[in-house]
Every structure is written in C-alpha cells, then in structure tokens.
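Working notes, structure below.
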Amino acid sequence: MKAFIVEKNDNKEFSAGLQDIEIPKIEENEVLIKATYSSLNYKDALSSIGNPGVTRVFPHITGIDVAGTIEESKSDLFKTGDKVLVTGYDLGMNTNGGHSEYVKVPESWVVKIPSGLSDKEIMTYGTAGLTAALSVNELLNNGIKAGEVLVTGATGGVGSLAVAILSKLGFNVTAISGKEEKIDFLKSLGAKEVILRKEFDVENKRPMGSEKYDAVVDTVGGNILAEALKIIKYDGVATCCGLTSSFELNTNVFPFILRGVRLIGIDSVECKLDKKAAAWEKLANEFNVDVLDDLTTEINLEEIQEAYNNLLSGKSVGRYLVKL
C-alpha cells in the first residue's frame with residue numbers, strides 16, 4: 001500500500017514522503033479500514049517535522065483523521081463493509097495514521113459514519129469540524145443561544161467551520177484573521193464583521209474592557225484570548241481549543257469574578273466516544289453547513305508535503321481534504 005511516511009536518520013534529521021509498504025495485520029479487537037479520505041491538520045504538519053510534543057516514534061505515518069470502509073474485522077462491534085471514521089486518540093501521533101491506503105486501529109477508536117454524511121463530507125469536517133462542533137455545543141449547553149460571538153483564527157480549519165456553523169444557527173459572528181485578503185471569504189461564510197489580527201492583538205494593561213461579545217470561540221490562545229476575555233458580556237462563555245498564537249495565557253481574575261465569565265477547554269482527542277458520536281450527529285443535521293466546497297482544497301498523497309509547508313508557514317486557508 002502507499003503511505004506518507006516521516007523518517008528520522010542517525011543524525012536526528014527528518015525526511016518525509018510517499019512510500020510503498022506492507023498492509024498491516026490486525027489482532028484481536030482491531031479493525032482494518034480501507035481508507036477513502038483523510039484530512040490535514042496543524043498537528044499533522046508538526047508531526048511531519050518530528051515535533052516531539054506530537055510524535056516520538058519513527059518511521060511514522062501522519063494523519064489524525066481517516067474515513068473509509070471496514071476491510072477486515074476482529075471486533076464484535078464492527079463488520080466488513082461498515083462505513084466508519086476515526087479521529088483523535090493516538091492516531092497519527094505515535095500510532096500510524098490516516099495518510100495511507102489501509103489503516104489499522106483498535107475498535108475503541110472507531111465511530112460509524114452517521115446517515116446523512118458521506119465519508120468525503122465527514123473528512124471535510126474532520127478533526128477541525130469535530131472541534132468546532134464541540135466548541136459550539138459548549139456555548140449552547142451553557143445558555144448562549146443567540147447574540148454576538150467572536151471567533152479567533154477564523155481562516156483556519158476550526159475557525160472557518162465555527163464561523164459557518166454559528167452563522168447558520170443565527171448568531172452574529174465577528175471573525176479575527178491575520179489575512180486581510182480573506183475578508184470577503186470570511187463574510188461569504190457568514191461573518192458579519194472581520195477584525196484584522198494586528199488591530200486586536202495589542203497588549204494593554206487594562207484589566208477589563210467594555211462588554212461586547214456574548215461568547216468567544218478561540219482557536220489560537222495567547223494574548224488574543226487574554227484580550228477577548230476582557231470584553232465578554234456578563235455571564236458569557238469562552239471556549240479555547242488551540243495555541244497557534246501561544247500556549248501562554250496572561251490574564252486576570254476580573255472577568256471571572258465580576259462578570260461570571262466561563263472559560264471552557266475543548267479537547268477533541270481524548271474526549272469520550274459517545275461525545276464524539278453526538279457531535280458528528282450534530283454535524284450531520286443542525287450543524288451541517290452548505291459551504292464545505294468553499295472551505296476545502298482536495299489533494300492526494302503526493303501533494304501532502306506542499307500542504308504541510310503551507311500549514312506551517314501560515315499560508316493555508318480552510319481545510320485540506322486528502323483523497324486516498
């Protein structure tokens with residue numbers, strides 16, 4: 001089978017590219033998926049350059065998402081022919097991932113694809129869509145049913161899908177992006193207003209600002225999240241799922257103790273399977289958006305390296321869908 005493999009040489013240098021390798025053998029409570037689609041995420045790009053916070057086992061196949069059909073099963077939960085997907089857990093980190101024609105995984109990582117979504121559609125969403133859905137769910141579950149929502153990192157995979165979903169649900173969405181040339185793109189997804197990152201990402205010493213947003217969906221962390229917390233309305237909610245700006249958060253307690261603001265972390269990797277399944281059902285129904293084609297660049301295995309370069313240099317927009 002063909003697979004995109006990252007290797008580490010004796011000088012601790014990394015190289016990556018397409019190779020032909022043996023199809024993996026499954027053991028008890030495992031399944032073999034004949035992959036049809038995968039996607040690219042920032043974590044995949046980090047894995048491709050040997051980032052030790054993501055991957056320590058080499059040689060290694062990247063890809064934290066995959067969808068396809070069960071080719072072989074040694075599981076009581078799944079049978080040959082089942083349409084399934086896997087996102088998160090250790091897939092594509094230290095376990096060989098979805099950028100290959102066949103993928104071996106434990107049964108406990110597998111979810112059946114909901115009716116109403118094809119394997120192509122569900123991988124267009126991928127981990128980014130799952131993370132966006134989990135973020136929006138937290139807003140709804142915490143009483144944010146309408147109003148003004150700020151989305152940071154809005155041209156990225158999670159951010160762009162969050163903009164589209166929130167807009168569909170009737171929220172007034174303000175998007176933050178560093179890409180001035182993508183303002184029209186963000187408005188086409190449903191953003192009512194676009195703020196350039198350079199105008200927002202300005203550190204100030206004020207402990208709080210004027211109340212402006214009912215909620216924030218943050219995908220970048222750092223000072224942008226810190227400043228956003230200062231302008232959330234009373235009893236508002238912020239979700240946080242990323243760190244492309246910074247993993248540090250220099251803030252104060254005033255938004256939390258004077259306005260009752262709640263900051264909720266979003267993890268799509270290790271969250272329980274039933275929570276993932278519920279989010280996928282939402283994406284198949286009320287969260288399903290009609291702008292997926294506008295958000296997506298479809299590539300094949302041979303084009304992954306160039307896409308990784310775009311992700312790591314901040315040049316990517318929307319989602320990369322990998323056809324296998």
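The way I read the labels, and the way they are meant: chains A, B, ... in the order of the structure tokens, residue 1 as the first residue of every chain, and ligand 1 as the first ligand shown, with later ones counted on from there.
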Proximity of region 63-127 of chain A to region 276-292 of chain A: per-residue shortest pair, 7 Å limit, only C-alpha atoms, as CSV:
residue,atom,partner,partner_atom,distance
A:Val111,CA,A:Ala277,CA,6.7
A:Pro114,CA,A:Glu281,CA,6.2
A:Gly116,CA,A:Ala284,CA,5.8
A:Leu117,CA,A:Ala284,CA,5.8
A:Thr124,CA,A:Leu292,CA,6.9
Once you count only C-alpha atoms, what closest atom pair and distance in Å to one decimal does each residue of region 120-146 of chain A within 10 Å of region 231-249 of chain A have, with rows by chain and rising residue number, as a Markdown table?
| residue | atom | partner | partner_atom | distance |
| --- | --- | --- | --- | --- |
| A:Thr131 | CA | A:Cys241 | CA | 7.5 |
| A:Ala132 | CA | A:Cys241 | CA | 8.9 |
| A:Leu134 | CA | A:Thr239 | CA | 9.4 |
| A:Ser135 | CA | A:Thr239 | CA | 6.1 |
| A:Val136 | CA | A:Thr239 | CA | 8.5 |
| A:Glu138 | CA | A:Thr239 | CA | 7.5 |
| A:Leu139 | CA | A:Val237 | CA | 6.5 |
| A:Leu140 | CA | A:Val237 | CA | 9.8 |
| A:Asn142 | CA | A:Val237 | CA | 7.4 |
| A:Gly143 | CA | A:Gly236 | CA | 8.7 |
| A:Ile144 | CA | A:Gly236 | CA | 7.5 |
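Remark: for Ala3 (chain A), the closest of the candidate residues A:Val57, A:Leu301, A:Leu225, A:Ala162 is A:Leu301 (distances computed over only C-alpha atoms).
Distance annotation: of A:Val86, A:Val194, A:Leu263, A:Leu40, the residue with the minimal separation from Ala226 (chain A) is A:Leu263; atom set is only C-alpha atoms.
Closest to Thr174 (chain A) among A:Gly68, A:Gly147, A:Pro207, A:Gly221 is A:Gly147, based on only C-alpha atoms.
Of the residues under consideration (A:Ala45, A:Val6, A:Leu18, A:Leu229), A:Val6 shows the shortest atom-to-atom contact distance to Phe58 (chain A) when counting only C-alpha atoms.
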Fewer than 4 positions away in the same chain doesn't count, so skip those; otherwise give me all residues within 6 Å of region 101-106 of chain A, counting only C-alpha atoms, as a list in words. Met1, Lys2, Glu30, Val31, Leu32, Ile33, Lys34 and Ala35 of chain A
Saved selection, atoms kept: N, CA, C and O atoms, as a PDB file, in the first residue's frame:
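Output (result23.pdb):
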ATOM      1  N   MET A   1       0.845  -1.187   0.000  1.00  0.00           N
ATOM      2  CA  MET A   1       0.000   0.000   0.000  1.00  0.00           C
ATOM      3  C   MET A   1       0.883   1.242   0.000  1.00  0.00           C
ATOM      4  O   MET A   1       2.052   1.198   0.383  1.00  0.00           O
ATOM      5  N   LYS A   2       0.312   2.380  -0.418  1.00  0.00           N
ATOM      6  CA  LYS A   2       1.021   3.653  -0.388  1.00  0.00           C
ATOM      7  C   LYS A   2       0.714   4.378   0.915  1.00  0.00           C
ATOM      8  O   LYS A   2      -0.411   4.338   1.423  1.00  0.00           O
ATOM      9  N   GLU A  30      -9.313  -5.387  16.904  1.00  0.00           N
ATOM     10  CA  GLU A  30      -8.860  -4.376  15.965  1.00  0.00           C
ATOM     11  C   GLU A  30      -9.618  -4.507  14.648  1.00  0.00           C
ATOM     12  O   GLU A  30     -10.207  -5.548  14.350  1.00  0.00           O
ATOM     13  N   VAL A  31      -9.582  -3.409  13.855  1.00  0.00           N
ATOM     14  CA  VAL A  31     -10.168  -3.441  12.521  1.00  0.00           C
ATOM     15  C   VAL A  31      -9.164  -2.871  11.535  1.00  0.00           C
ATOM     16  O   VAL A  31      -8.285  -2.079  11.892  1.00  0.00           O
ATOM     17  N   LEU A  32      -9.316  -3.290  10.280  1.00  0.00           N
ATOM     18  CA  LEU A  32      -8.518  -2.730   9.184  1.00  0.00           C
ATOM     19  C   LEU A  32      -9.470  -1.936   8.300  1.00  0.00           C
ATOM     20  O   LEU A  32     -10.455  -2.465   7.783  1.00  0.00           O
ATOM     21  N   ILE A  33      -9.169  -0.644   8.143  1.00  0.00           N
ATOM     22  CA  ILE A  33     -10.015   0.249   7.352  1.00  0.00           C
ATOM     23  C   ILE A  33      -9.377   0.477   5.996  1.00  0.00           C
ATOM     24  O   ILE A  33      -8.193   0.842   5.910  1.00  0.00           O
ATOM     25  N   LYS A  34     -10.156   0.251   4.938  1.00  0.00           N
ATOM     26  CA  LYS A  34      -9.723   0.669   3.602  1.00  0.00           C
ATOM     27  C   LYS A  34     -10.088   2.149   3.494  1.00  0.00           C
ATOM     28  O   LYS A  34     -11.259   2.517   3.396  1.00  0.00           O
ATOM     29  N   ALA A  35      -9.073   2.996   3.540  1.00  0.00           N
ATOM     30  CA  ALA A  35      -9.301   4.434   3.649  1.00  0.00           C
ATOM     31  C   ALA A  35      -9.745   5.023   2.314  1.00  0.00           C
ATOM     32  O   ALA A  35      -9.239   4.650   1.253  1.00  0.00           O
TER      33      ALA A  35
END
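Omitting region 182-186 of chain A and its sequence neighbours fewer than 2 positions away, and counting only C-alpha atoms, the residues within 10 Å are Ala154, Thr155, Gly159, Ser160, Val163, Ala164, Val173, Thr174, Ala175, Ile176, Ser177, Gly178, Lys179, Glu180, Ser188, Leu189, Gly190, Ala191, Lys192, Glu193, Val194, Ile195, Leu196, Asp294, Leu295, Val317 and Gly318 of chain A.
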